[in-house]
file start-v1.txt (compact mmCIF, C-alpha atoms and all ligand atoms)
# COMPACT_ATOMS: atom_id res chain seq x y z
CA LEU A 4 0.00 0.00 0.00
CA VAL A 5 1.30 3.47 -0.86
CA SER A 6 2.53 5.49 2.08
CA ARG A 7 -0.05 8.24 1.64
CA LEU A 8 -2.86 5.73 2.31
CA ARG A 9 -1.15 3.77 5.05
CA PRO A 10 -2.79 5.74 7.87
CA TYR A 11 -6.20 4.95 6.40
CA THR A 12 -6.34 1.20 5.91
CA THR A 13 -9.86 0.41 7.16
CA THR A 14 -12.92 2.58 7.53
CA ILE A 15 -14.43 2.40 10.97
CA PHE A 16 -17.93 1.97 9.50
CA ALA A 17 -17.07 -1.31 7.79
CA GLU A 18 -15.17 -2.47 10.87
CA MET A 19 -17.98 -1.71 13.30
CA SER A 20 -20.77 -3.06 11.08
CA ALA A 21 -18.78 -6.31 10.75
CA LEU A 22 -18.42 -6.38 14.54
CA ALA A 23 -22.19 -5.91 14.89
CA SER A 24 -23.02 -8.83 12.61
CA ARG A 25 -20.31 -11.05 14.08
CA THR A 26 -21.64 -10.50 17.61
CA GLY A 27 -25.34 -10.19 16.75
CA SER A 28 -25.37 -6.71 18.30
CA ILE A 29 -27.76 -3.86 17.64
CA ASN A 30 -25.93 -1.63 15.17
CA LEU A 31 -26.16 2.00 16.23
CA GLY A 32 -22.77 2.57 14.59
CA GLN A 33 -22.83 3.08 10.82
CA GLY A 34 -25.52 5.60 9.90
CA PHE A 35 -28.16 4.01 7.73
CA PRO A 36 -31.90 3.77 8.35
CA ASP A 37 -33.60 0.42 8.97
CA THR A 38 -36.76 1.40 7.09
CA ASP A 39 -37.20 2.14 3.39
CA GLY A 40 -37.55 5.40 1.50
CA PRO A 41 -40.74 6.76 -0.10
CA PRO A 42 -42.70 3.97 -1.89
CA SER A 43 -43.17 6.10 -5.03
CA VAL A 44 -39.40 6.56 -5.28
CA LEU A 45 -38.72 2.84 -4.92
CA ALA A 46 -41.42 2.19 -7.53
CA ALA A 47 -39.83 4.73 -9.89
CA ALA A 48 -36.51 2.85 -9.73
CA ARG A 49 -38.21 -0.49 -10.38
CA GLN A 50 -40.06 1.09 -13.29
CA ALA A 51 -36.85 2.52 -14.70
CA ILE A 52 -35.28 -0.94 -14.69
CA ALA A 53 -38.38 -2.39 -16.35
CA ASP A 54 -38.24 0.41 -18.92
CA GLY A 55 -34.70 -0.55 -19.88
CA ILE A 56 -32.85 2.35 -18.25
CA ASN A 57 -29.95 0.02 -17.55
CA GLN A 58 -27.03 1.27 -19.63
CA TYR A 59 -24.55 4.11 -18.98
CA PRO A 60 -26.34 7.38 -18.33
CA PRO A 61 -24.79 10.61 -19.69
CA GLY A 62 -21.50 11.57 -17.96
CA PRO A 63 -22.83 14.52 -15.94
CA GLY A 64 -26.03 12.65 -14.99
CA ILE A 65 -29.38 12.47 -16.77
CA PRO A 66 -30.82 15.92 -17.60
CA GLU A 67 -34.03 15.12 -15.71
CA LEU A 68 -32.08 14.66 -12.46
CA ARG A 69 -29.82 17.68 -12.98
CA GLN A 70 -32.93 19.78 -13.60
CA ALA A 71 -34.60 18.39 -10.48
CA ILE A 72 -31.50 19.17 -8.37
CA ALA A 73 -31.41 22.76 -9.67
CA PHE A 74 -35.18 23.04 -9.09
CA ALA A 75 -34.83 21.82 -5.49
CA ARG A 76 -31.93 24.16 -4.65
CA GLU A 77 -33.95 27.13 -5.90
CA ARG A 78 -37.17 26.01 -4.22
CA ASP A 79 -35.52 25.36 -0.85
CA TYR A 80 -32.77 28.00 -0.66
CA GLY A 81 -33.17 30.42 -3.58
CA GLN A 82 -29.88 29.21 -5.10
CA VAL A 83 -29.83 29.33 -8.90
CA PHE A 84 -27.80 26.77 -10.87
CA ASP A 85 -27.70 26.03 -14.58
CA PRO A 86 -28.49 22.30 -14.78
CA ASP A 87 -26.24 21.90 -17.82
CA THR A 88 -23.03 23.48 -16.55
CA GLU A 89 -23.42 23.93 -12.79
CA VAL A 90 -24.79 20.57 -11.63
CA LEU A 91 -22.97 17.23 -11.71
CA VAL A 92 -24.39 13.88 -10.58
CA THR A 93 -21.92 11.68 -8.70
CA VAL A 94 -21.68 8.28 -7.04
CA GLY A 95 -22.84 9.51 -3.65
CA ALA A 96 -21.57 12.57 -1.84
CA THR A 97 -18.42 10.53 -1.24
CA GLU A 98 -17.41 10.72 -4.89
CA ALA A 99 -18.45 14.36 -5.13
CA LEU A 100 -16.10 15.14 -2.25
CA ALA A 101 -13.26 13.06 -3.66
CA ALA A 102 -13.57 14.49 -7.16
CA SER A 103 -13.75 18.05 -5.80
CA VAL A 104 -10.46 17.59 -3.98
CA LEU A 105 -8.80 15.64 -6.81
CA GLY A 106 -9.91 18.20 -9.38
CA LEU A 107 -8.86 21.28 -7.43
CA ILE A 108 -5.99 20.50 -5.04
CA GLU A 109 -2.40 20.56 -6.27
CA PRO A 110 0.20 18.40 -4.50
CA GLY A 111 1.35 20.19 -1.36
CA ALA A 112 -1.69 22.44 -1.14
CA GLU A 113 -3.48 22.58 2.16
CA VAL A 114 -7.12 21.78 2.88
CA LEU A 115 -8.72 23.01 6.06
CA LEU A 116 -11.11 20.64 7.82
CA ILE A 117 -13.31 21.06 10.83
CA GLU A 118 -12.78 18.44 13.49
CA PRO A 119 -14.26 15.98 14.29
CA HIS A 120 -14.38 15.34 10.54
CA TYR A 121 -16.16 12.72 8.46
CA ASP A 122 -13.81 9.83 7.89
CA SER A 123 -13.33 10.18 4.13
CA TYR A 124 -11.95 13.73 4.15
CA PRO A 125 -8.33 13.12 5.22
CA PRO A 126 -7.74 10.15 2.87
CA ILE A 127 -9.09 11.99 -0.17
CA VAL A 128 -6.81 14.93 0.56
CA ALA A 129 -3.94 12.45 0.91
CA MET A 130 -4.86 10.79 -2.42
CA ALA A 131 -4.61 14.20 -4.08
CA GLY A 132 -1.16 14.70 -2.57
CA GLY A 133 -2.46 17.54 -0.42
CA ARG A 134 -2.14 18.13 3.27
CA HIS A 135 -4.90 18.84 5.71
CA ARG A 136 -5.12 20.83 8.86
CA SER A 137 -8.04 20.64 11.29
CA VAL A 138 -9.83 23.20 13.43
CA PRO A 139 -11.84 21.80 16.33
CA LEU A 140 -15.49 22.22 17.22
CA ARG A 141 -15.63 22.61 20.98
CA PRO A 142 -18.56 21.70 23.24
CA ASP A 143 -20.09 24.77 24.88
CA ALA A 144 -21.78 24.86 28.27
CA GLY A 145 -25.03 23.52 26.77
CA GLY A 146 -23.24 20.62 25.07
CA ARG A 147 -23.44 22.08 21.53
CA PHE A 148 -20.19 21.67 19.59
CA ALA A 149 -19.50 25.21 18.44
CA LEU A 150 -17.09 26.71 15.91
CA ASP A 151 -14.70 29.47 16.86
CA VAL A 152 -14.10 31.39 13.64
CA ASP A 153 -10.95 32.97 15.12
CA GLU A 154 -9.43 29.50 15.39
CA VAL A 155 -10.21 28.95 11.70
CA ALA A 156 -8.57 32.27 10.85
CA ALA A 157 -5.46 31.28 12.80
CA ALA A 158 -5.19 27.97 10.92
CA ILE A 159 -5.18 29.55 7.45
CA GLY A 160 -1.67 29.67 6.01
CA PRO A 161 -0.02 30.53 2.69
CA ALA A 162 -0.66 27.04 1.26
CA THR A 163 -4.34 26.89 2.26
CA ARG A 164 -6.53 26.56 -0.83
CA MET A 165 -9.71 24.86 0.29
CA LEU A 166 -12.05 24.64 3.24
CA ILE A 167 -14.41 21.69 3.66
CA VAL A 168 -17.46 22.44 5.80
CA ASN A 169 -20.01 19.84 6.88
CA SER A 170 -23.29 21.14 8.28
CA PRO A 171 -25.51 19.63 9.63
CA HIS A 172 -22.43 18.06 11.14
CA ASN A 173 -21.58 14.39 11.44
CA PRO A 174 -20.76 13.27 14.16
CA THR A 175 -21.72 16.09 16.57
CA GLY A 176 -25.18 17.00 15.21
CA THR A 177 -24.26 20.70 15.20
CA VAL A 178 -26.01 22.87 12.62
CA LEU A 179 -23.76 25.84 11.98
CA ASP A 180 -25.61 29.09 12.60
CA ALA A 181 -25.64 32.32 10.60
CA THR A 182 -22.86 33.86 12.70
CA GLU A 183 -20.52 30.91 12.30
CA LEU A 184 -21.25 30.66 8.58
CA ALA A 185 -20.85 34.40 7.98
CA GLY A 186 -17.47 34.20 9.72
CA LEU A 187 -16.38 31.35 7.46
CA ALA A 188 -17.63 33.23 4.40
CA ARG A 189 -15.65 36.33 5.37
CA LEU A 190 -12.46 34.27 5.75
CA ALA A 191 -13.01 32.40 2.49
CA VAL A 192 -13.39 35.65 0.57
CA GLU A 193 -10.46 37.31 2.33
CA HIS A 194 -8.12 34.37 1.63
CA ASP A 195 -9.61 33.44 -1.75
CA LEU A 196 -10.41 29.86 -0.70
CA VAL A 197 -12.51 27.35 -2.58
CA VAL A 198 -15.15 26.05 -0.19
CA VAL A 199 -16.67 22.61 -0.40
CA THR A 200 -19.84 22.13 1.64
CA ASP A 201 -21.06 18.69 2.62
CA GLU A 202 -24.80 19.12 3.12
CA VAL A 203 -25.94 15.49 3.06
CA TYR A 204 -28.06 16.06 6.20
CA GLU A 205 -29.54 19.31 4.85
CA TYR A 206 -33.15 18.26 5.48
CA LEU A 207 -32.53 16.52 8.80
CA THR A 208 -32.62 19.41 11.29
CA PHE A 209 -34.73 19.56 14.43
CA ASP A 210 -36.67 22.00 16.61
CA GLY A 211 -37.05 24.32 13.61
CA VAL A 212 -33.31 24.99 13.35
CA PRO A 213 -32.76 26.11 9.75
CA HIS A 214 -30.10 24.70 7.43
CA LEU A 215 -28.31 27.59 5.74
CA PRO A 216 -26.19 26.73 2.70
CA LEU A 217 -22.85 28.51 2.93
CA ALA A 218 -23.01 29.29 -0.79
CA THR A 219 -25.89 31.70 -0.11
CA PHE A 220 -23.64 34.00 1.96
CA GLU A 221 -22.09 37.09 0.43
CA GLY A 222 -19.23 36.41 -1.97
CA MET A 223 -19.66 32.65 -1.68
CA ALA A 224 -21.65 31.56 -4.75
CA GLU A 225 -18.62 32.00 -7.02
CA ARG A 226 -16.27 29.98 -4.80
CA THR A 227 -18.44 27.22 -3.33
CA LEU A 228 -19.13 23.65 -4.35
CA THR A 229 -22.33 22.51 -2.67
CA ILE A 230 -22.60 18.75 -2.19
CA SER A 231 -25.53 16.59 -1.18
CA SER A 232 -26.97 13.17 -1.88
CA SER A 233 -30.20 11.18 -1.88
CA GLY A 234 -28.96 8.73 0.72
CA LYS A 235 -29.95 10.56 3.90
CA SER A 236 -32.84 12.66 2.57
CA PHE A 237 -34.73 9.75 1.03
CA SER A 238 -33.34 6.84 3.09
CA THR A 239 -31.62 5.33 0.06
CA THR A 240 -28.03 5.15 1.28
CA GLY A 241 -27.32 2.11 -0.90
CA TRP A 242 -28.24 3.87 -4.13
CA LYS A 243 -25.23 6.17 -3.98
CA ILE A 244 -26.72 9.03 -5.96
CA GLY A 245 -25.05 12.30 -5.01
CA TRP A 246 -24.43 15.64 -6.63
CA VAL A 247 -22.35 18.75 -6.61
CA CYS A 248 -23.52 22.24 -7.62
CA GLY A 249 -21.39 25.33 -8.12
CA PRO A 250 -19.97 27.80 -10.62
CA ALA A 251 -19.27 26.24 -14.04
CA PRO A 252 -15.44 26.41 -13.89
CA LEU A 253 -15.32 24.65 -10.52
CA VAL A 254 -17.88 22.03 -11.55
CA ALA A 255 -15.87 21.43 -14.74
CA ALA A 256 -12.83 20.65 -12.59
CA VAL A 257 -14.84 18.19 -10.50
CA ARG A 258 -16.24 16.60 -13.66
CA ALA A 259 -12.73 16.14 -15.07
CA ALA A 260 -11.78 14.06 -12.03
CA LYS A 261 -15.13 12.30 -11.71
CA GLN A 262 -15.16 11.02 -15.30
CA PHE A 263 -12.06 8.91 -14.65
CA LEU A 264 -13.08 7.72 -11.19
CA THR A 265 -16.42 6.11 -12.03
CA TYR A 266 -17.43 7.76 -15.31
CA VAL A 267 -21.12 7.45 -14.29
CA GLY A 268 -23.30 5.57 -11.83
CA GLY A 269 -26.79 4.37 -10.92
CA ALA A 270 -28.74 4.78 -14.20
CA PRO A 271 -32.14 3.53 -12.97
CA PHE A 272 -31.85 5.36 -9.65
CA GLN A 273 -31.36 8.73 -11.31
CA PRO A 274 -34.96 9.22 -12.56
CA ALA A 275 -36.20 7.93 -9.20
CA VAL A 276 -34.19 10.54 -7.28
CA ALA A 277 -35.42 13.23 -9.71
CA HIS A 278 -38.97 12.20 -8.81
CA ALA A 279 -38.08 12.26 -5.11
CA LEU A 280 -36.68 15.81 -5.20
CA ARG A 281 -39.77 17.14 -6.95
CA HIS A 282 -42.56 15.18 -5.25
CA GLU A 283 -41.50 13.62 -1.99
CA MET A 284 -40.58 16.57 0.21
CA PRO A 285 -43.70 15.96 2.39
CA TRP A 286 -42.26 12.50 3.04
CA VAL A 287 -38.96 14.11 4.00
CA ALA A 288 -40.80 16.45 6.40
CA ASP A 289 -42.35 13.36 8.04
CA LEU A 290 -38.92 11.74 8.24
CA ARG A 291 -37.55 14.85 9.93
CA GLY A 292 -40.37 14.81 12.49
CA SER A 293 -39.96 11.13 13.14
CA LEU A 294 -36.18 11.48 13.56
CA GLN A 295 -36.68 14.29 16.06
CA GLY A 296 -38.77 11.89 18.14
CA LYS A 297 -36.11 9.21 17.79
CA ARG A 298 -33.45 11.69 18.84
CA ASP A 299 -35.42 12.46 22.00
CA ARG A 300 -36.03 8.76 22.62
CA LEU A 301 -32.38 7.77 22.28
CA CYS A 302 -31.05 10.83 24.14
CA ALA A 303 -33.39 10.22 27.08
CA GLY A 304 -32.45 6.54 27.16
CA LEU A 305 -28.73 7.21 26.99
CA ALA A 306 -28.98 9.85 29.72
CA ALA A 307 -30.90 7.38 31.91
CA ALA A 308 -28.15 4.81 31.25
CA GLY A 309 -25.63 7.31 32.61
CA PHE A 310 -24.08 8.79 29.48
CA GLY A 311 -23.39 12.50 29.14
CA VAL A 312 -25.67 13.40 26.24
CA GLY A 313 -25.67 16.40 23.94
CA ARG A 314 -28.72 17.55 22.02
CA PRO A 315 -28.05 17.23 18.29
CA GLN A 316 -29.65 19.97 16.18
CA GLY A 317 -29.50 17.85 13.05
CA THR A 318 -28.23 14.62 11.38
CA TYR A 319 -29.19 11.27 12.88
CA PHE A 320 -26.35 10.97 15.33
CA VAL A 321 -25.85 11.84 18.97
CA MET A 322 -22.47 12.33 20.52
CA THR A 323 -22.16 11.05 24.07
CA ASP A 324 -19.58 11.57 26.79
CA ILE A 325 -18.63 8.31 28.53
CA ARG A 326 -16.81 9.93 31.43
CA PRO A 327 -19.91 9.93 33.68
CA LEU A 328 -19.83 6.14 33.26
CA GLY A 329 -16.30 6.06 34.60
CA ALA A 330 -14.75 5.36 31.18
CA THR A 331 -12.33 7.54 29.25
CA ASP A 332 -11.22 5.56 26.21
CA GLY A 333 -13.99 5.65 23.59
CA MET A 334 -12.31 3.17 21.26
CA GLN A 335 -11.92 0.56 24.00
CA PHE A 336 -15.46 1.29 25.17
CA CYS A 337 -16.83 0.63 21.65
CA LEU A 338 -14.77 -2.54 21.26
CA ASP A 339 -16.11 -3.85 24.60
CA LEU A 340 -19.71 -2.71 24.06
CA PRO A 341 -20.89 -5.75 22.02
CA ALA A 342 -19.85 -8.13 24.81
CA ARG A 343 -21.09 -5.87 27.60
CA ALA A 344 -24.38 -4.78 26.07
CA GLY A 345 -24.88 -6.21 22.58
CA VAL A 346 -24.74 -2.72 21.05
CA VAL A 347 -22.36 -1.20 18.51
CA ALA A 348 -21.39 2.50 18.42
CA ILE A 349 -18.64 4.58 16.79
CA PRO A 350 -15.73 6.04 18.77
CA ASP A 351 -15.28 9.75 18.10
CA GLU A 352 -11.49 9.35 17.96
CA VAL A 353 -11.69 8.12 14.35
CA PHE A 354 -12.91 11.58 13.35
CA HIS A 355 -9.77 13.24 14.77
CA ASP A 356 -6.21 13.71 13.57
CA ASP A 357 -4.95 13.03 17.07
CA PRO A 358 -7.09 10.20 18.46
CA ALA A 359 -6.60 11.57 21.97
CA ASP A 360 -8.80 14.56 21.14
CA GLY A 361 -11.88 12.42 20.72
CA THR A 362 -11.20 9.84 23.34
CA PRO A 363 -14.08 10.20 25.82
CA PHE A 364 -16.80 10.57 23.17
CA VAL A 365 -18.89 7.91 21.43
CA ARG A 366 -21.42 8.37 18.62
CA PHE A 367 -24.77 6.57 18.46
CA ALA A 368 -27.14 6.60 15.44
CA PHE A 369 -30.89 7.01 15.98
CA CYS A 370 -32.14 6.36 12.42
CA LYS A 371 -33.66 3.10 13.64
CA ARG A 372 -37.13 1.77 14.44
CA ASP A 373 -38.37 2.79 17.90
CA GLU A 374 -38.35 -0.79 19.16
CA VAL A 375 -34.69 -1.13 18.12
CA ILE A 376 -33.79 2.07 19.98
CA ASP A 377 -35.74 0.91 23.04
CA GLU A 378 -34.02 -2.47 23.05
CA ALA A 379 -30.57 -0.86 22.68
CA VAL A 380 -31.29 1.58 25.51
CA GLN A 381 -32.51 -1.21 27.76
CA ARG A 382 -29.35 -3.21 27.09
CA LEU A 383 -27.16 -0.18 27.78
CA ALA A 384 -29.00 0.58 31.03
CA GLY A 385 -28.37 -2.98 32.23
CA MET A 386 -24.71 -2.93 31.21
CA PRO A 387 -22.29 -4.31 33.83
N1 LIG B 1 -20.62 13.13 4.22
C1 LIG B 1 -21.11 12.86 5.44
C2 LIG B 1 -20.98 13.88 6.51
C3 LIG B 1 -21.74 11.64 5.69
O1 LIG B 1 -22.21 11.36 6.90
C4 LIG B 1 -21.84 10.70 4.64
C5 LIG B 1 -22.49 9.38 4.88
N2 LIG B 1 -23.71 9.40 4.28
C6 LIG B 1 -21.33 11.03 3.39
C7 LIG B 1 -20.71 12.24 3.22
C8 LIG B 1 -21.38 10.08 2.24
O2 LIG B 1 -22.56 10.20 1.53
P1 LIG B 1 -22.90 9.17 0.34
O3 LIG B 1 -23.39 7.93 0.98
O4 LIG B 1 -23.94 9.88 -0.45
O5 LIG B 1 -21.67 8.94 -0.43
N1 LIG B 2 -22.18 8.32 6.75
C1 LIG B 2 -22.36 7.12 7.52
C2 LIG B 2 -21.92 7.36 8.95
O1 LIG B 2 -21.30 8.35 9.28
C3 LIG B 2 -21.59 5.94 7.02
C4 LIG B 2 -21.18 5.94 5.62
C5 LIG B 2 -20.14 4.89 5.35
O2 LIG B 2 -20.29 3.75 5.78
N2 LIG B 2 -19.09 5.25 4.69
O3 LIG B 2 -22.19 6.50 9.75
call {"tool": "encode", "arguments": {"input": "start-v1.txt", "output": "structure tokens"}}
result
Amino acid sequence: LVSRLRPYTTTIFAEMSALASRTGSINLGQGFPDTDGPPSVLAAARQAIADGINQYPPGPGIPELRQAIAFARERDYGQVFDPDTEVLVTVGATEALAASVLGLIEPGAEVLLIEPHYDSYPPIVAMAGGRHRSVPLRPDAGGRFALDVDEVAAAIGPATRMLIVNSPHNPTGTVLDATELAGLARLAVEHDLVVVTDEVYEYLTFDGVPHLPLATFEGMAERTLTISSSGKSFSTTGWKIGWVCGPAPLVAAVRAAKQFLTYVGGAPFQPAVAHALRHEMPWVADLRGSLQGKRDRLCAGLAAAGFGVGRPQGTYFVMTDIRPLGATDGMQFCLDLPARAGVVAIPDEVFHDDPADGTPFVRFAFCKRDEVIDEAVQRLAGMP
């Protein structure tokens, strides 16, 4: 294995899901729902297969889906994109992120991340020959992981070219607010950075907290690549239909990389996701409401079991502090959890450059049926 990938040999999600099946544990680790997406969307994919939409779609994605993506961005946020030059369909948000970095980062250039960071960001920067530097979110008195824009400013150096921002944020559940985003926008403009936003949880925010796309802030439209995917919004994580929207020159750079990574993907899923974006937002609103209830259910159960529990504003994850349980090493805690309680979770340390930074935190997913959450909570409460 090449040296640049040696620090990244296995993804924690595969490791922990394998541990869950090996031990028969309840999997609150890897984030995927245990119920299906909207029936009309599933039917549209079946119909597309029956209709023979089974060969390579066009490189940038089928026009119908690109138009639906542009339509949805304008409907939901007032962002305007030309579906022909400013929207690219990818194999999940994962490929959109990878192709954005590969298409825009020269060897040696620096990419700024916010920590804890989703596990694919550092390896894709490494694959591009770039370097990354991370700025931490820090828990405030109320348990919200907040961003200090001054710390971001201090981390920007002469080689910094790109900033990757994930909000709603996995794993903390933070939804960046207008002040934090305006601060990032100001820095991006001042330092002429390209900004990549990972908005895969854009529709999964709670208590009326709004998701604000960073590209809508002043000076940002011309420098931002906005990424999302159907996986979280429509509970179709296995379809791997994602997209990236932005100014034509930036999208062209992403397309140049994307065409030689996968060329295209998911022909019959593309018309189904187009249908979803246009017609199934009421279903998404129901999903959001249901997830808010699941958040409350899991948070209450974890608190009763003795965990320190934050209150995620979005995503379907909750970050917990294991110190009230007398534990400090999240990785060891997660490795022991199947035997102790028959539950699998994700240690926060995998989202950090220095594992010690995340040590006492553990992430649980609540995108599961209520009876699964209840059973997990009961097991955790009875844990020796
Ligand atoms: N970014 C974040 C923050 C995620 O949690 C995930 C997992 N869904 C992805 C990107 C990858 O998305 P996709 O499955 O569409 O590739
Ligand atoms: N995004 C999901 C999570 O954070 C997992 C995706 C994956 O397995 N790569 O749990």
call {"tool": "residues_near_point", "arguments": {"input": "start-v1.txt", "point": "(-28.2, 13.7, -2.8)", "cutoff": "7 Å", "atoms": "all atoms listed in the file", "output": "MDAnalysis selection string"}}
result
chainID A and resid 95:96 203 231:234 244:246
call {"tool": "write_last_selection", "arguments": {"input": "start-v1.txt", "atoms": "C-alpha atoms", "output": "PDB file, in the frame of the given file"}}
result
ATOM      1  CA  GLY A  95     -22.840   9.510  -3.650  1.00  0.00           C
ATOM      2  CA  ALA A  96     -21.570  12.570  -1.840  1.00  0.00           C
ATOM      3  CA  VAL A 203     -25.940  15.490   3.060  1.00  0.00           C
ATOM      4  CA  SER A 231     -25.530  16.590  -1.180  1.00  0.00           C
ATOM      5  CA  SER A 232     -26.970  13.170  -1.880  1.00  0.00           C
ATOM      6  CA  SER A 233     -30.200  11.180  -1.880  1.00  0.00           C
ATOM      7  CA  GLY A 234     -28.960   8.730   0.720  1.00  0.00           C
ATOM      8  CA  ILE A 244     -26.720   9.030  -5.960  1.00  0.00           C
ATOM      9  CA  GLY A 245     -25.050  12.300  -5.010  1.00  0.00           C
ATOM     10  CA  TRP A 246     -24.430  15.640  -6.630  1.00  0.00           C
TER      11      TRP A 246
END
call {"tool": "atom_distance", "arguments": {"input": "start-v1.txt", "atom1": "atom CA of A:Leu68", "atom2": "atom CA of A:His278"}}
result
8.2 Å
call {"tool": "closest_atom_pairs", "arguments": {"input": "start-v1.txt", "of": "chain A", "to": "ligand LIG 2 (chain B)", "cutoff": "7 Å", "atoms": "all atoms listed in the file", "output": "CSV"}}
result
residue,atom,partner,partner_atom,distance
A:Phe16,CA,B:LIG2,O2,4.8
A:Ala17,CA,B:LIG2,O2,6.3
A:Gly32,CA,B:LIG2,O3,6.3
A:Gln33,CA,B:LIG2,O3,3.6
A:Gly34,CA,B:LIG2,O3,3.5
A:Phe35,CA,B:LIG2,C1,6.6
A:Tyr121,CA,B:LIG2,O1,6.8
A:Asn173,CA,B:LIG2,O1,6.4
A:Pro174,CA,B:LIG2,O1,7.0
call {"tool": "closest_residue", "arguments": {"input": "start-v1.txt", "among": "A:Arg298, A:His172, A:Arg366, A:Arg343", "to": "ligand LIG 1 (chain B)", "atoms": "only C-alpha atoms and all ligand atoms"}}
result
A:His172
call {"tool": "residues_near_point", "arguments": {"input": "start-v1.txt", "point": "(-25.9, -1.8, 26.8)", "cutoff": "6 Å", "atoms": "only C-alpha atoms", "output": "PDB file with C-alpha atoms, in the coordinates of the input"}}
result
ATOM      1  CA  ALA A 344     -24.380  -4.780  26.070  1.00  0.00           C
ATOM      2  CA  VAL A 346     -24.740  -2.720  21.050  1.00  0.00           C
ATOM      3  CA  ARG A 382     -29.350  -3.210  27.090  1.00  0.00           C
ATOM      4  CA  LEU A 383     -27.160  -0.180  27.780  1.00  0.00           C
ATOM      5  CA  ALA A 384     -29.000   0.580  31.030  1.00  0.00           C
ATOM      6  CA  MET A 386     -24.710  -2.930  31.210  1.00  0.00           C
TER       7      MET A 386
END
call {"tool": "residues_around", "arguments": {"input": "start-v1.txt", "residues": "A:Asp153", "least_positions_apart": "5", "cutoff": "10 Å", "atoms": "all atoms listed in the file", "output": "PDB file with C-alpha atoms, in the frame of the given file"}}
result
ATOM      1  CA  VAL A 138      -9.830  23.200  13.430  1.00  0.00           C
ATOM      2  CA  ALA A 158      -5.190  27.970  10.920  1.00  0.00           C
ATOM      3  CA  GLY A 186     -17.470  34.200   9.720  1.00  0.00           C
ATOM      4  CA  LEU A 187     -16.380  31.350   7.460  1.00  0.00           C
ATOM      5  CA  LEU A 190     -12.460  34.270   5.750  1.00  0.00           C
TER       6      LEU A 190
END
call {"tool": "closest_residue", "arguments": {"input": "start-v1.txt", "among": "A:Leu91, A:Thr38, A:Ala379, A:Leu166", "to": "A:Leu340", "atoms": "all atoms listed in the file"}}
result
A:Ala379
call {"tool": "atom_distance", "arguments": {"input": "start-v1.txt", "atom1": "atom CA of A:Gly111", "atom2": "atom CA of A:Asp201"}}
result
22.8 Å
call {"tool": "closest_residue", "arguments": {"input": "start-v1.txt", "among": "A:Ala149, A:Ile29, A:Leu8, A:Leu294", "to": "A:Tyr206", "atoms": "all atoms listed in the file"}}
result
A:Leu294
call {"tool": "atom_distance", "arguments": {"input": "start-v1.txt", "atom1": "atom CA of A:Ala260", "atom2": "atom CA of A:Met165"}}
result
16.5 Å
call {"tool": "closest_residue", "arguments": {"input": "start-v1.txt", "among": "A:Val254, A:Ile325, A:Val5, A:Ala101", "to": "ligand LIG 1 (chain B)", "atoms": "all atoms listed in the file"}}
result
A:Ala101
call {"tool": "build_atoms", "arguments": {"input": "start-v1.txt", "residues": "stretch 298-309 of chain A", "atoms": "N, CA and C atoms", "output": "PDB file, keeping the file's coordinate frame"}}
result
ATOM      1  N   ARG A 298     -34.539  11.016  18.130  1.00  0.00           N
ATOM      2  CA  ARG A 298     -33.450  11.690  18.840  1.00  0.00           C
ATOM      3  C   ARG A 298     -33.793  11.789  20.327  1.00  0.00           C
ATOM      4  N   ASP A 299     -35.028  12.272  20.597  1.00  0.00           N
ATOM      5  CA  ASP A 299     -35.420  12.460  22.000  1.00  0.00           C
ATOM      6  C   ASP A 299     -35.454  11.113  22.726  1.00  0.00           C
ATOM      7  N   ARG A 300     -35.922  10.095  22.030  1.00  0.00           N
ATOM      8  CA  ARG A 300     -36.030   8.760  22.620  1.00  0.00           C
ATOM      9  C   ARG A 300     -34.642   8.217  22.985  1.00  0.00           C
ATOM     10  N   LEU A 301     -33.721   8.307  22.028  1.00  0.00           N
ATOM     11  CA  LEU A 301     -32.380   7.770  22.280  1.00  0.00           C
ATOM     12  C   LEU A 301     -31.636   8.627  23.316  1.00  0.00           C
ATOM     13  N   CYS A 302     -31.768   9.951  23.194  1.00  0.00           N
ATOM     14  CA  CYS A 302     -31.050  10.830  24.140  1.00  0.00           C
ATOM     15  C   CYS A 302     -31.531  10.582  25.566  1.00  0.00           C
ATOM     16  N   ALA A 303     -32.849  10.465  25.740  1.00  0.00           N
ATOM     17  CA  ALA A 303     -33.390  10.220  27.080  1.00  0.00           C
ATOM     18  C   ALA A 303     -32.884   8.873  27.603  1.00  0.00           C
ATOM     19  N   GLY A 304     -32.888   7.869  26.735  1.00  0.00           N
ATOM     20  CA  GLY A 304     -32.450   6.540  27.160  1.00  0.00           C
ATOM     21  C   GLY A 304     -30.979   6.512  27.512  1.00  0.00           C
ATOM     22  N   LEU A 305     -30.174   7.188  26.723  1.00  0.00           N
ATOM     23  CA  LEU A 305     -28.730   7.210  26.990  1.00  0.00           C
ATOM     24  C   LEU A 305     -28.444   7.977  28.276  1.00  0.00           C
ATOM     25  N   ALA A 306     -29.172   9.074  28.488  1.00  0.00           N
ATOM     26  CA  ALA A 306     -28.980   9.850  29.720  1.00  0.00           C
ATOM     27  C   ALA A 306     -29.355   8.990  30.924  1.00  0.00           C
ATOM     28  N   ALA A 307     -30.467   8.248  30.798  1.00  0.00           N
ATOM     29  CA  ALA A 307     -30.900   7.380  31.910  1.00  0.00           C
ATOM     30  C   ALA A 307     -29.860   6.282  32.171  1.00  0.00           C
ATOM     31  N   ALA A 308     -29.173   5.863  31.099  1.00  0.00           N
ATOM     32  CA  ALA A 308     -28.150   4.810  31.250  1.00  0.00           C
ATOM     33  C   ALA A 308     -26.837   5.388  31.792  1.00  0.00           C
ATOM     34  N   GLY A 309     -26.788   6.718  31.960  1.00  0.00           N
ATOM     35  CA  GLY A 309     -25.630   7.310  32.610  1.00  0.00           C
ATOM     36  C   GLY A 309     -24.657   8.034  31.691  1.00  0.00           C
TER      37      GLY A 309
END
